[in-house]
$ cat my_file.cif   # mmCIF, C-alpha atoms
data_protein
#
loop_
_atom_site.group_PDB
_atom_site.id
_atom_site.type_symbol
_atom_site.label_atom_id
_atom_site.label_comp_id
_atom_site.auth_asym_id
_atom_site.auth_seq_id
_atom_site.Cartn_x
_atom_site.Cartn_y
_atom_site.Cartn_z
ATOM 1 C CA GLU A 28 -71.892 22.854 64.400
ATOM 2 C CA ILE A 29 -71.203 19.729 62.365
ATOM 3 C CA GLY A 30 -67.796 18.165 62.928
ATOM 4 C CA LEU A 31 -67.554 19.451 66.504
ATOM 5 C CA GLY A 32 -64.082 18.029 67.124
ATOM 6 C CA SER A 33 -62.668 19.345 70.392
ATOM 7 C CA GLY A 34 -65.439 21.938 70.653
ATOM 8 C CA LEU A 35 -63.357 25.035 69.918
ATOM 9 C CA LEU A 36 -65.728 26.744 67.469
ATOM 10 C CA SER A 37 -68.795 25.975 69.578
ATOM 11 C CA LEU A 38 -67.042 27.440 72.633
ATOM 12 C CA ILE A 39 -66.242 30.610 70.681
ATOM 13 C CA CYS A 40 -69.871 30.881 69.530
ATOM 14 C CA ALA A 41 -71.116 30.555 73.109
ATOM 15 C CA GLN A 42 -68.569 33.071 74.333
ATOM 16 C CA LEU A 43 -69.694 35.545 71.652
ATOM 17 C CA GLY A 44 -73.300 35.338 72.815
ATOM 18 C CA ALA A 45 -75.060 32.475 71.040
ATOM 19 C CA LYS A 46 -78.135 31.477 73.081
ATOM 20 C CA HIS A 47 -77.536 27.801 72.458
ATOM 21 C CA VAL A 48 -75.132 25.700 70.398
ATOM 22 C CA THR A 49 -75.555 22.085 69.328
ATOM 23 C CA GLY A 50 -72.344 20.331 68.359
ATOM 24 C CA ILE A 51 -72.512 17.112 66.322
ATOM 25 C CA GLU A 52 -69.487 14.798 66.355
ATOM 26 C CA ALA A 53 -69.264 11.215 65.076
ATOM 27 C CA SER A 54 -66.094 10.281 66.973
ATOM 28 C CA LYS A 55 -66.806 9.129 70.533
ATOM 29 C CA PRO A 56 -63.357 10.133 71.908
ATOM 30 C CA LEU A 57 -63.634 13.602 70.345
ATOM 31 C CA ALA A 58 -67.197 14.047 71.572
ATOM 32 C CA ARG A 59 -66.033 13.205 75.112
ATOM 33 C CA LEU A 60 -63.124 15.639 74.812
ATOM 34 C CA ALA A 61 -65.484 18.365 73.631
ATOM 35 C CA GLN A 62 -67.796 17.756 76.590
ATOM 36 C CA ARG A 63 -64.856 18.079 78.978
ATOM 37 C CA ASN A 64 -63.759 21.325 77.350
ATOM 38 C CA ILE A 65 -67.314 22.654 77.525
ATOM 39 C CA HIS A 66 -67.630 21.825 81.237
ATOM 40 C CA THR A 67 -64.175 23.195 82.024
ATOM 41 C CA ASN A 68 -65.067 26.524 80.439
ATOM 42 C CA GLY A 69 -68.491 26.784 82.102
ATOM 43 C CA PHE A 70 -70.708 26.489 79.025
ATOM 44 C CA ALA A 71 -72.502 23.211 79.808
ATOM 45 C CA ASP A 72 -75.817 25.102 79.942
ATOM 46 C CA LYS A 73 -75.285 26.604 76.480
ATOM 47 C CA ILE A 74 -73.691 23.820 74.439
ATOM 48 C CA SER A 75 -75.206 20.393 73.783
ATOM 49 C CA VAL A 76 -73.207 17.548 72.242
ATOM 50 C CA ILE A 77 -74.661 14.842 69.995
ATOM 51 C CA ASN A 78 -72.363 11.886 69.371
ATOM 52 C CA ALA A 79 -73.507 10.762 65.911
ATOM 53 C CA MET A 80 -72.989 11.329 62.210
ATOM 54 C CA SER A 81 -74.729 14.537 61.197
ATOM 55 C CA THR A 82 -76.491 12.570 58.459
ATOM 56 C CA ALA A 83 -78.189 10.482 61.187
ATOM 57 C CA VAL A 84 -79.457 13.505 63.146
ATOM 58 C CA ALA A 85 -83.029 14.695 62.634
ATOM 59 C CA PRO A 86 -84.576 18.036 63.694
ATOM 60 C CA LYS A 87 -86.386 16.216 66.531
ATOM 61 C CA HIS A 88 -82.985 15.360 68.051
ATOM 62 C CA LEU A 89 -82.102 19.045 68.464
ATOM 63 C CA LYS A 90 -82.846 20.214 71.990
ATOM 64 C CA HIS A 91 -83.864 23.683 70.830
ATOM 65 C CA GLY A 92 -85.270 22.779 67.415
ATOM 66 C CA PRO A 93 -84.049 23.957 63.983
ATOM 67 C CA VAL A 94 -81.057 26.286 64.088
ATOM 68 C CA ASP A 95 -80.352 29.790 62.816
ATOM 69 C CA ILE A 96 -76.739 29.144 61.806
ATOM 70 C CA LEU A 97 -75.019 26.067 60.380
ATOM 71 C CA LEU A 98 -71.319 26.184 61.225
ATOM 72 C CA SER A 99 -68.601 23.756 60.151
ATOM 73 C CA GLU A 100 -64.870 23.369 59.735
ATOM 74 C CA ILE A 101 -64.623 20.146 57.797
ATOM 75 C CA LEU A 102 -62.026 21.368 55.331
ATOM 76 C CA GLY A 103 -58.981 19.370 54.322
ATOM 77 C CA THR A 104 -55.771 20.215 52.517
ATOM 78 C CA LEU A 105 -58.030 20.303 49.466
ATOM 79 C CA LEU A 106 -61.167 22.366 49.951
ATOM 80 C CA LEU A 107 -63.510 19.385 49.554
ATOM 81 C CA SER A 108 -61.278 16.498 50.631
ATOM 82 C CA GLU A 109 -63.373 15.947 53.781
ATOM 83 C CA ASN A 110 -66.678 16.053 51.869
ATOM 84 C CA ALA A 111 -67.724 19.442 53.233
ATOM 85 C CA LEU A 112 -70.161 20.021 50.380
ATOM 86 C CA GLU A 113 -71.932 16.707 50.967
ATOM 87 C CA PHE A 114 -72.280 17.160 54.732
ATOM 88 C CA ASN A 115 -73.378 20.802 54.484
ATOM 89 C CA ALA A 116 -75.959 19.976 51.819
ATOM 90 C CA ASP A 117 -77.442 17.302 54.084
ATOM 91 C CA ALA A 118 -77.326 19.358 57.301
ATOM 92 C CA LYS A 119 -79.363 22.221 55.838
ATOM 93 C CA ARG A 120 -82.512 20.242 56.738
ATOM 94 C CA LEU A 121 -81.660 21.035 60.396
ATOM 95 C CA MET A 122 -81.897 24.783 59.768
ATOM 96 C CA LYS A 123 -84.679 27.312 59.967
ATOM 97 C CA PRO A 124 -85.762 28.840 56.629
ATOM 98 C CA GLY A 125 -83.452 31.724 55.786
ATOM 99 C CA GLY A 126 -80.699 30.504 58.107
ATOM 100 C CA HIS A 127 -77.027 31.219 57.540
ATOM 101 C CA VAL A 128 -74.271 28.791 56.518
ATOM 102 C CA ILE A 129 -70.695 29.535 57.653
ATOM 103 C CA PRO A 130 -68.453 29.362 55.732
ATOM 104 C CA ARG A 131 -70.713 30.407 52.883
ATOM 105 C CA LEU A 132 -68.350 30.275 49.918
ATOM 106 C CA GLY A 133 -65.205 28.340 49.113
ATOM 107 C CA MET A 134 -62.727 28.442 46.235
ATOM 108 C CA GLN A 135 -60.088 25.881 45.297
ATOM 109 C CA PHE A 136 -57.068 27.303 43.455
ATOM 110 C CA VAL A 137 -54.059 25.955 41.597
ATOM 111 C CA THR A 138 -50.795 27.865 41.080
ATOM 112 C CA LEU A 139 -47.689 26.837 39.147
ATOM 113 C CA ILE A 140 -44.461 27.476 41.059
ATOM 114 C CA GLU A 141 -40.705 27.344 40.740
ATOM 115 C CA SER A 142 -38.769 26.268 43.836
ATOM 116 C CA GLU A 143 -35.166 25.066 43.757
ATOM 117 C CA LYS A 144 -35.461 24.004 47.392
ATOM 118 C CA LEU A 145 -38.525 21.876 46.652
ATOM 119 C CA ASP A 146 -36.643 20.287 43.756
ATOM 120 C CA LEU A 147 -33.722 19.643 46.095
ATOM 121 C CA ILE A 148 -35.755 17.707 48.670
ATOM 122 C CA THR A 149 -37.741 15.712 46.095
ATOM 123 C CA GLY A 150 -34.920 14.739 43.724
ATOM 124 C CA ALA A 151 -31.709 12.704 43.879
ATOM 125 C CA ARG A 152 -28.253 14.165 43.176
ATOM 126 C CA LYS A 153 -24.559 13.463 43.640
ATOM 127 C CA TRP A 154 -23.252 13.098 47.181
ATOM 128 C CA ARG A 155 -19.672 12.585 48.365
ATOM 129 C CA GLY A 156 -18.527 11.264 45.025
ATOM 130 C CA LEU A 157 -21.537 8.988 44.548
ATOM 131 C CA ASP A 158 -24.109 9.605 41.802
ATOM 132 C CA PHE A 159 -27.687 8.848 42.837
ATOM 133 C CA ARG A 160 -29.462 10.563 39.935
ATOM 134 C CA ASN A 161 -30.788 7.273 38.562
ATOM 135 C CA PHE A 162 -33.188 7.293 41.501
ATOM 136 C CA ASN A 163 -35.036 10.121 39.736
ATOM 137 C CA GLN A 164 -36.575 7.443 37.504
ATOM 138 C CA LEU A 165 -38.833 6.807 40.508
ATOM 139 C CA LYS A 166 -39.818 10.460 40.904
ATOM 140 C CA ASP A 167 -43.593 10.664 41.289
ATOM 141 C CA THR A 168 -45.105 13.321 39.026
ATOM 142 C CA ALA A 169 -48.586 11.792 39.031
ATOM 143 C CA SER A 170 -49.646 11.985 42.692
ATOM 144 C CA LEU A 171 -50.841 14.930 44.720
ATOM 145 C CA LEU A 172 -48.811 15.181 47.918
ATOM 146 C CA PHE A 173 -49.506 17.239 51.023
ATOM 147 C CA THR A 174 -46.814 19.502 52.472
ATOM 148 C CA LYS A 175 -47.431 17.861 55.856
ATOM 149 C CA GLU A 176 -46.406 14.532 54.308
ATOM 150 C CA LEU A 177 -43.230 16.100 52.967
ATOM 151 C CA GLY A 178 -42.478 17.419 56.453
ATOM 152 C CA CYS A 179 -42.054 20.991 55.280
ATOM 153 C CA ARG A 180 -43.738 24.366 55.042
ATOM 154 C CA LEU A 181 -43.945 25.548 51.451
ATOM 155 C CA CYS A 182 -43.428 29.180 52.456
ATOM 156 C CA THR A 183 -39.909 28.277 53.687
ATOM 157 C CA LEU A 184 -38.861 26.792 50.313
ATOM 158 C CA ASP A 185 -38.609 30.183 48.536
ATOM 159 C CA PRO A 186 -41.304 29.474 45.938
ATOM 160 C CA THR A 187 -41.892 31.827 43.020
ATOM 161 C CA ASN A 188 -45.250 31.949 41.261
ATOM 162 C CA MET A 189 -44.896 30.997 37.619
ATOM 163 C CA SER A 190 -48.601 31.554 36.900
ATOM 164 C CA GLN A 191 -51.492 33.456 38.289
ATOM 165 C CA ARG A 192 -53.404 31.813 41.114
ATOM 166 C CA LEU A 193 -56.207 30.173 39.141
ATOM 167 C CA PRO A 194 -59.659 29.074 40.386
ATOM 168 C CA VAL A 195 -60.520 25.427 39.832
ATOM 169 C CA ILE A 196 -63.714 25.060 41.882
ATOM 170 C CA GLU A 197 -66.046 27.594 43.488
ATOM 171 C CA VAL A 198 -68.812 26.352 45.766
ATOM 172 C CA ASP A 199 -71.669 27.916 47.675
ATOM 173 C CA PHE A 200 -72.124 25.741 50.754
ATOM 174 C CA ALA A 201 -75.657 27.091 51.184
ATOM 175 C CA SER A 202 -76.996 26.235 47.738
ATOM 176 C CA ASP A 203 -74.702 23.844 45.862
ATOM 177 C CA HIS A 204 -75.278 20.110 45.935
ATOM 178 C CA VAL A 205 -73.298 16.960 45.345
ATOM 179 C CA GLY A 206 -73.051 16.343 41.610
ATOM 180 C CA ASN A 207 -72.311 19.959 40.688
ATOM 181 C CA ILE A 208 -68.539 19.409 40.535
ATOM 182 C CA GLY A 209 -67.221 18.539 37.076
ATOM 183 C CA ASN A 210 -64.628 15.893 36.236
ATOM 184 C CA THR A 211 -62.103 18.000 34.337
ATOM 185 C CA LYS A 212 -61.156 21.676 34.349
ATOM 186 C CA ARG A 213 -58.977 23.163 31.618
ATOM 187 C CA ILE A 214 -57.511 26.632 32.052
ATOM 188 C CA ARG A 215 -55.275 28.627 29.741
ATOM 189 C CA THR A 216 -52.634 30.794 31.351
ATOM 190 C CA ARG A 217 -49.224 32.285 30.570
ATOM 191 C CA ALA A 218 -45.875 31.858 32.290
ATOM 192 C CA LEU A 219 -45.075 34.912 34.377
ATOM 193 C CA LYS A 220 -41.297 34.582 33.922
ATOM 194 C CA ASP A 221 -38.527 32.489 32.413
ATOM 195 C CA GLY A 222 -37.719 29.457 34.508
ATOM 196 C CA VAL A 223 -38.662 25.921 35.518
ATOM 197 C CA ILE A 224 -42.137 24.953 36.705
ATOM 198 C CA HIS A 225 -41.375 22.481 39.456
ATOM 199 C CA ALA A 226 -44.864 21.920 40.824
ATOM 200 C CA ALA A 227 -48.550 22.782 40.898
ATOM 201 C CA VAL A 228 -49.726 24.026 44.289
ATOM 202 C CA PHE A 229 -53.317 23.574 45.474
ATOM 203 C CA SER A 230 -54.665 25.983 48.099
ATOM 204 C CA TRP A 231 -58.069 27.374 49.002
ATOM 205 C CA GLU A 232 -60.028 30.318 50.335
ATOM 206 C CA VAL A 233 -63.270 30.310 52.325
ATOM 207 C CA TYR A 234 -65.510 33.301 52.987
ATOM 208 C CA SER A 235 -68.012 33.910 55.757
ATOM 209 C CA GLY A 236 -70.576 35.524 53.447
ATOM 210 C CA LEU A 237 -71.454 36.404 49.878
ATOM 211 C CA ASP A 238 -69.709 39.764 50.232
ATOM 212 C CA LYS A 239 -66.391 37.929 50.763
ATOM 213 C CA LYS A 240 -65.524 40.470 53.439
ATOM 214 C CA HIS A 241 -64.036 37.907 55.828
ATOM 215 C CA LYS A 242 -61.627 35.420 54.275
ATOM 216 C CA MET A 243 -59.366 32.597 55.424
ATOM 217 C CA SER A 244 -56.895 30.977 53.042
ATOM 218 C CA THR A 245 -54.159 28.354 52.847
ATOM 219 C CA HIS A 246 -52.103 30.188 50.195
ATOM 220 C CA TYR A 247 -48.451 29.852 51.159
ATOM 221 C CA GLU A 248 -48.089 33.656 51.030
ATOM 222 C CA ASP A 249 -50.765 33.933 53.737
ATOM 223 C CA THR A 250 -49.284 31.315 56.074
ATOM 224 C CA VAL A 251 -45.796 32.798 56.477
ATOM 225 C CA GLU A 252 -46.776 34.119 59.907
ATOM 226 C CA ASN A 253 -49.287 31.347 60.606
ATOM 227 C CA PHE A 254 -47.472 28.133 61.532
ATOM 228 C CA GLN A 255 -50.678 26.600 62.912
ATOM 229 C CA ARG A 256 -52.518 26.934 59.609
ATOM 230 C CA ASP A 257 -49.732 25.113 57.790
ATOM 231 C CA MET A 258 -49.802 22.339 60.383
ATOM 232 C CA GLN A 259 -53.600 22.022 60.193
ATOM 233 C CA TRP A 260 -53.979 22.127 56.405
ATOM 234 C CA GLY A 261 -50.873 23.139 54.506
ATOM 235 C CA GLN A 262 -51.022 22.908 50.726
ATOM 236 C CA GLY A 263 -51.314 20.202 48.095
ATOM 237 C CA ILE A 264 -48.282 19.804 45.821
ATOM 238 C CA GLN A 265 -47.911 17.855 42.599
ATOM 239 C CA LEU A 266 -44.450 17.676 41.050
ATOM 240 C CA LEU A 267 -44.483 18.338 37.304
ATOM 241 C CA GLU A 268 -42.498 17.257 34.258
ATOM 242 C CA ASP A 269 -42.381 18.282 30.622
ATOM 243 C CA PRO A 270 -44.992 16.024 28.955
ATOM 244 C CA GLY A 271 -43.389 16.614 25.578
ATOM 245 C CA LEU A 272 -40.205 14.894 26.725
ATOM 246 C CA GLU A 273 -41.664 12.154 28.906
ATOM 247 C CA ASP A 274 -40.828 9.401 26.408
ATOM 248 C CA THR A 275 -37.272 10.551 25.648
ATOM 249 C CA LYS A 276 -35.625 10.160 29.059
ATOM 250 C CA ASP A 277 -35.511 7.578 31.835
ATOM 251 C CA ALA A 278 -36.306 10.248 34.451
ATOM 252 C CA PRO A 279 -38.847 13.115 34.331
ATOM 253 C CA CYS A 280 -37.567 16.178 32.440
ATOM 254 C CA PRO A 281 -38.000 19.662 33.920
ATOM 255 C CA LEU A 282 -40.748 21.836 32.448
ATOM 256 C CA ARG A 283 -38.767 24.877 31.290
ATOM 257 C CA VAL A 284 -40.808 27.841 30.086
ATOM 258 C CA LYS A 285 -40.331 31.336 28.734
ATOM 259 C CA LYS A 286 -42.101 34.423 30.024
ATOM 260 C CA GLY A 287 -45.422 34.825 28.229
ATOM 261 C CA GLU A 288 -45.485 31.242 26.959
ATOM 262 C CA GLU A 289 -49.056 29.980 26.803
ATOM 263 C CA LEU A 290 -49.828 26.915 28.892
ATOM 264 C CA ILE A 291 -52.845 24.726 29.459
ATOM 265 C CA ILE A 292 -53.486 23.432 32.959
ATOM 266 C CA GLU A 293 -55.728 20.382 33.054
ATOM 267 C CA VAL A 294 -57.047 19.450 36.480
ATOM 268 C CA ARG A 295 -58.766 16.093 36.754
ATOM 269 C CA ILE A 296 -61.269 15.933 39.582
ATOM 270 C CA ALA A 297 -62.659 12.849 41.295
ATOM 271 C CA GLN A 298 -64.919 12.080 44.253
ATOM 272 C CA GLU A 299 -66.629 15.492 44.163
ATOM 273 C CA GLY A 300 -63.393 17.439 44.549
ATOM 274 C CA ALA A 301 -61.844 15.202 47.217
ATOM 275 C CA VAL A 302 -59.126 14.003 44.796
ATOM 276 C CA MET A 303 -57.303 16.017 42.121
ATOM 277 C CA GLN A 304 -54.538 15.491 39.584
ATOM 278 C CA CYS A 305 -52.842 18.153 37.481
ATOM 279 C CA HIS A 306 -51.252 18.083 34.016
ATOM 280 C CA VAL A 307 -49.588 21.066 32.361
ATOM 281 C CA TYR A 308 -49.133 21.236 28.589
ATOM 282 C CA ARG A 309 -47.642 23.784 26.245
ATOM 283 C CA ALA A 310 -50.587 25.306 24.386
ATOM 284 C CA SER A 311 -48.712 25.052 21.095
ATOM 285 C CA THR A 312 -48.547 21.250 21.299
ATOM 286 C CA ILE A 313 -52.253 20.966 22.167
ATOM 287 C CA ASP A 314 -53.306 23.396 19.423
ATOM 288 C CA ASP A 315 -51.250 21.538 16.855
ATOM 289 C CA ARG A 316 -53.068 18.310 17.705
ATOM 290 C CA THR A 317 -56.614 19.588 18.168
ATOM 291 C CA GLY A 318 -56.906 22.500 15.729
ATOM 292 C CA LYS A 319 -58.383 25.963 15.971
ATOM 293 C CA ASP A 320 -61.911 24.859 16.907
ATOM 294 C CA ASP A 321 -60.655 23.376 20.171
ATOM 295 C CA GLU A 322 -58.529 26.470 20.752
ATOM 296 C CA LYS A 323 -61.604 28.661 20.538
ATOM 297 C CA GLU A 324 -63.473 26.365 22.958
ATOM 298 C CA GLU A 325 -60.593 26.437 25.458
ATOM 299 C CA GLU A 326 -60.396 30.223 25.387
ATOM 300 C CA GLU A 327 -64.115 30.482 25.982
ATOM 301 C CA GLU A 328 -63.791 28.168 28.993
ATOM 302 C CA GLY A 329 -60.474 29.362 30.379
ATOM 303 C CA MET A 330 -60.126 33.097 29.903
ATOM 304 C CA PRO A 331 -63.142 34.150 32.032
ATOM 305 C CA GLN A 332 -61.748 31.977 34.815
ATOM 306 C CA LEU A 333 -58.451 33.885 34.736
ATOM 307 C CA GLU A 334 -60.308 37.160 35.012
ATOM 308 C CA GLN A 335 -62.346 35.752 37.879
ATOM 309 C CA ALA A 336 -59.184 34.916 39.824
ATOM 310 C CA GLU A 337 -58.151 38.557 39.920
ATOM 311 C CA LYS A 338 -61.538 40.247 40.183
ATOM 312 C CA PRO A 339 -64.407 38.575 42.091
ATOM 313 C CA SER A 340 -67.954 39.051 40.879
ATOM 314 C CA SER A 341 -69.222 42.537 41.761
ATOM 315 C CA SER A 342 -72.542 41.024 42.794
ATOM 316 C CA GLY A 343 -70.805 38.889 45.422
ATOM 317 C CA GLU A 344 -72.750 35.831 44.246
ATOM 318 C CA ALA A 345 -71.102 32.557 43.393
ATOM 319 C CA PRO A 346 -71.107 31.997 39.609
#

$ encode --input "my_file.cif" --output "structure tokens"
Amino acid sequence: EIGLGSGLLSLICAQLGAKHVTGIEASKPLARLAQRNIHTNGFADKISVINAMSTAVAPKHLKHGPVDILLSEILGTLLLSENALEFNADAKRLMKPGGHVIPRLGMQFVTLIESEKLDLITGARKWRGLDFRNFNQLKDTASLLFTKELGCRLCTLDPTNMSQRLPVIEVDFASDHVGNIGNTKRIRTRALKDGVIHAAVFSWEVYSGLDKKHKMSTHYEDTVENFQRDMQWGQGIQLLEDPGLEDTKDAPCPLRVKKGEELIIEVRIAQEGAVMQCHVYRASTIDDRTGKDDEKEEEEEGMPQLEQAEKPSSSGEAP
């Protein structure tokens, strides 16, 4: 296991019958805590701890040689914000040929939502006869925030999906390498209902194998009964404004849409998926500026992605 932490996953592996587990942890305090947990639970003979960066560990450092399974939980609020792809790609040299990587697949999604409660806690209004709405000039619609930073659980803010849940990145932790992640992703979609798009929500799914039989996700719909998952990861949120009106008002203008209205979501990606920024445009304004040739190119890029969000590949292989 790379990113051993407190040793929880290694303890579960040993309890389920693994002959031997090697846990690699760079943090000295965490490595010590893991060793205490391992001794307390009687698995000192089955679990070895290496206090080092996984990138500094060689096969010769492994007590029992190359491993059958590479296990990790180095996922952040964004799928790749803790460089899981980079560390998994490097650690594969510690495996036997044909070994298994868990999780095997991961998908980063973006969803447009409406939430009056989210708007309430992120905007300024009137209060006891005082008008504070000028403070909305400082409203940040450029930064990706984490729900943990906002001190809330998104599932409690009565969000409504204004778009499909759309895939931005799909990675195979067993075969993909650093450098495979693009810089920009453009996706066409349509508004699911009349209303205001208050924010773009970033959440992810990981799968144990290519068959996607076992899944864990951070979608707010899936964390309603899972307080711990929201506290561990939560979701990424970027507040949105109407880009067509950004120069006409002192404060950001709400992005009001009609059901069926075509939209273009542009996700800018940096640091191999560790940082993301979202912009949403009305397709009509983009098409007017770029012409039909660009429209055809966008449809070719975007429409298969929308289909992919609803129906995974029948082969089970990452595209």

$ atom_distance --input "my_file.cif" --atom1 "CA of Asp95 in chain A" --atom2 "CA of His127 in chain A"
6.4 Å

$ resolve_selection --input "my_file.cif" --expression "the PyMOL selection byres ((chain A and resi 228-241) around 7)" --output "ChimeraX atom specification"
/A:105-106,129-139,226-227,242-246,262-265,343-344

$ atom_distance --input "my_file.cif" --atom1 "CA of Lys175 in chain A" --atom2 "CA of Pro56 in chain A"
23.9 Å

$ atom_distance --input "my_file.cif" --atom1 "CA of Ser75 in chain A" --atom2 "CA of Arg120 in chain A"
18.5 Å

$ resolve_selection --input "my_file.cif" --expression "the PyMOL selection byres ((chain A and resi 34-42) around 10)" --output "number ranges by chain"
A: 28-33, 43-52, 57-65, 68-76, 98-100

$ residues_around --input "my_file.cif" --residues "range 183-187 of chain A" --least-positions-apart "6" --cutoff "6 Å" --atoms "only C-alpha atoms" --output "ChimeraX atom specification"
/A:140-142,144

$ resolve_selection --input "my_file.cif" --expression "the PyMOL selection byres ((chain A and resi 201) around 7)" --output "short mmCIF file (atom, residue, chain, number, x, y, z; two decimals) with C-alpha atoms, in the coordinates of the input"
data_model
loop_
_atom_site.label_atom_id
_atom_site.label_comp_id
_atom_site.auth_asym_id
_atom_site.auth_seq_id
_atom_site.Cartn_x
_atom_site.Cartn_y
_atom_site.Cartn_z
CA VAL A 128 -74.27 28.79 56.52
CA ARG A 131 -70.71 30.41 52.88
CA ASP A 199 -71.67 27.92 47.68
CA PHE A 200 -72.12 25.74 50.75
CA SER A 202 -77.00 26.24 47.74
CA ASP A 203 -74.70 23.84 45.86
#

$ residues_around --input "my_file.cif" --residues "Gln298 in chain A" --least-positions-apart "3" --cutoff "12 Å" --atoms "only C-alpha atoms" --output "PyMOL selection string"
chain A and resi 105+107-113+205-211+295+301-304

$ axis_aligned_box --input "my_file.cif" --around "range 171-188 of chain A" --padding-each-side "6 Å" --output "lines of an AutoDock Vina configuration file"
center_x = -44.7
center_y = 23.2
center_z = 48.9
size_x = 24.2
size_y = 29.4
size_z = 27.2

$ closest_residue --input "my_file.cif" --among "A:Phe114, A:Glu293, A:Leu145, A:Lys123" --to "His204 in chain A" --atoms "only C-alpha atoms"
A:Phe114

$ residues_near_point --input "my_file.cif" --point "(-79.9, 19.5, 57.0)" --cutoff "10 Å" --atoms "all atoms listed in the file" --output "list in words"
Ser81, Thr82, Val84, Ala85, Pro86, Pro93, Val94, Leu97, Phe114, Asn115, Ala116, Asp117, Ala118, Lys119, Arg120, Leu121, Met122 and Lys123 of chain A

$ closest_residue --input "my_file.cif" --among "A:Asp277, A:Asn78, A:Ala53, A:Met258" --to "Phe173 in chain A" --atoms "all atoms listed in the file"
A:Met258

$ closest_residue --input "my_file.cif" --among "A:Ala310, A:Ile77, A:Ile214, A:Val223" --to "Pro281 in chain A" --atoms "all atoms listed in the file"
A:Val223

$ decode --input "my_file.cif" --residues "range 282-295 of chain A" --atoms "N, CA and C atoms" --output "PDB file, in the first residue's frame"
ATOM      1  N   LEU A 282     -26.649  33.017 -13.860  1.00  0.00           N
ATOM      2  CA  LEU A 282     -26.750  32.349 -15.163  1.00  0.00           C
ATOM      3  C   LEU A 282     -28.118  31.678 -15.249  1.00  0.00           C
ATOM      4  N   ARG A 283     -29.082  32.388 -15.818  1.00  0.00           N
ATOM      5  CA  ARG A 283     -30.448  31.877 -15.951  1.00  0.00           C
ATOM      6  C   ARG A 283     -30.585  31.147 -17.289  1.00  0.00           C
ATOM      7  N   VAL A 284     -31.176  29.964 -17.241  1.00  0.00           N
ATOM      8  CA  VAL A 284     -31.289  29.144 -18.444  1.00  0.00           C
ATOM      9  C   VAL A 284     -32.712  28.615 -18.602  1.00  0.00           C
ATOM     10  N   LYS A 285     -33.005  28.200 -19.806  1.00  0.00           N
ATOM     11  CA  LYS A 285     -34.285  27.566 -20.119  1.00  0.00           C
ATOM     12  C   LYS A 285     -34.060  26.078 -20.374  1.00  0.00           C
ATOM     13  N   LYS A 286     -35.053  25.283 -20.067  1.00  0.00           N
ATOM     14  CA  LYS A 286     -34.958  23.846 -20.309  1.00  0.00           C
ATOM     15  C   LYS A 286     -34.637  23.587 -21.781  1.00  0.00           C
ATOM     16  N   GLY A 287     -33.635  22.741 -22.009  1.00  0.00           N
ATOM     17  CA  GLY A 287     -33.235  22.399 -23.368  1.00  0.00           C
ATOM     18  C   GLY A 287     -32.210  23.328 -23.970  1.00  0.00           C
ATOM     19  N   GLU A 288     -31.922  24.451 -23.298  1.00  0.00           N
ATOM     20  CA  GLU A 288     -30.935  25.391 -23.831  1.00  0.00           C
ATOM     21  C   GLU A 288     -29.559  24.729 -23.903  1.00  0.00           C
ATOM     22  N   GLU A 289     -28.893  24.902 -25.027  1.00  0.00           N
ATOM     23  CA  GLU A 289     -27.593  24.260 -25.217  1.00  0.00           C
ATOM     24  C   GLU A 289     -26.494  25.094 -24.571  1.00  0.00           C
ATOM     25  N   LEU A 290     -25.639  24.407 -23.831  1.00  0.00           N
ATOM     26  CA  LEU A 290     -24.558  25.056 -23.093  1.00  0.00           C
ATOM     27  C   LEU A 290     -23.240  24.392 -23.432  1.00  0.00           C
ATOM     28  N   ILE A 291     -22.176  25.141 -23.277  1.00  0.00           N
ATOM     29  CA  ILE A 291     -20.832  24.584 -23.428  1.00  0.00           C
ATOM     30  C   ILE A 291     -20.102  24.742 -22.100  1.00  0.00           C
ATOM     31  N   ILE A 292     -19.655  23.620 -21.572  1.00  0.00           N
ATOM     32  CA  ILE A 292     -18.865  23.626 -20.338  1.00  0.00           C
ATOM     33  C   ILE A 292     -17.401  23.489 -20.728  1.00  0.00           C
ATOM     34  N   GLU A 293     -16.609  24.449 -20.336  1.00  0.00           N
ATOM     35  CA  GLU A 293     -15.168  24.403 -20.602  1.00  0.00           C
ATOM     36  C   GLU A 293     -14.442  24.224 -19.272  1.00  0.00           C
ATOM     37  N   VAL A 294     -13.750  23.110 -19.144  1.00  0.00           N
ATOM     38  CA  VAL A 294     -12.990  22.831 -17.931  1.00  0.00           C
ATOM     39  C   VAL A 294     -11.509  22.959 -18.258  1.00  0.00           C
ATOM     40  N   ARG A 295     -10.854  23.876 -17.589  1.00  0.00           N
ATOM     41  CA  ARG A 295      -9.414  24.049 -17.758  1.00  0.00           C
ATOM     42  C   ARG A 295      -8.694  23.251 -16.697  1.00  0.00           C
TER      43      ARG A 295
END
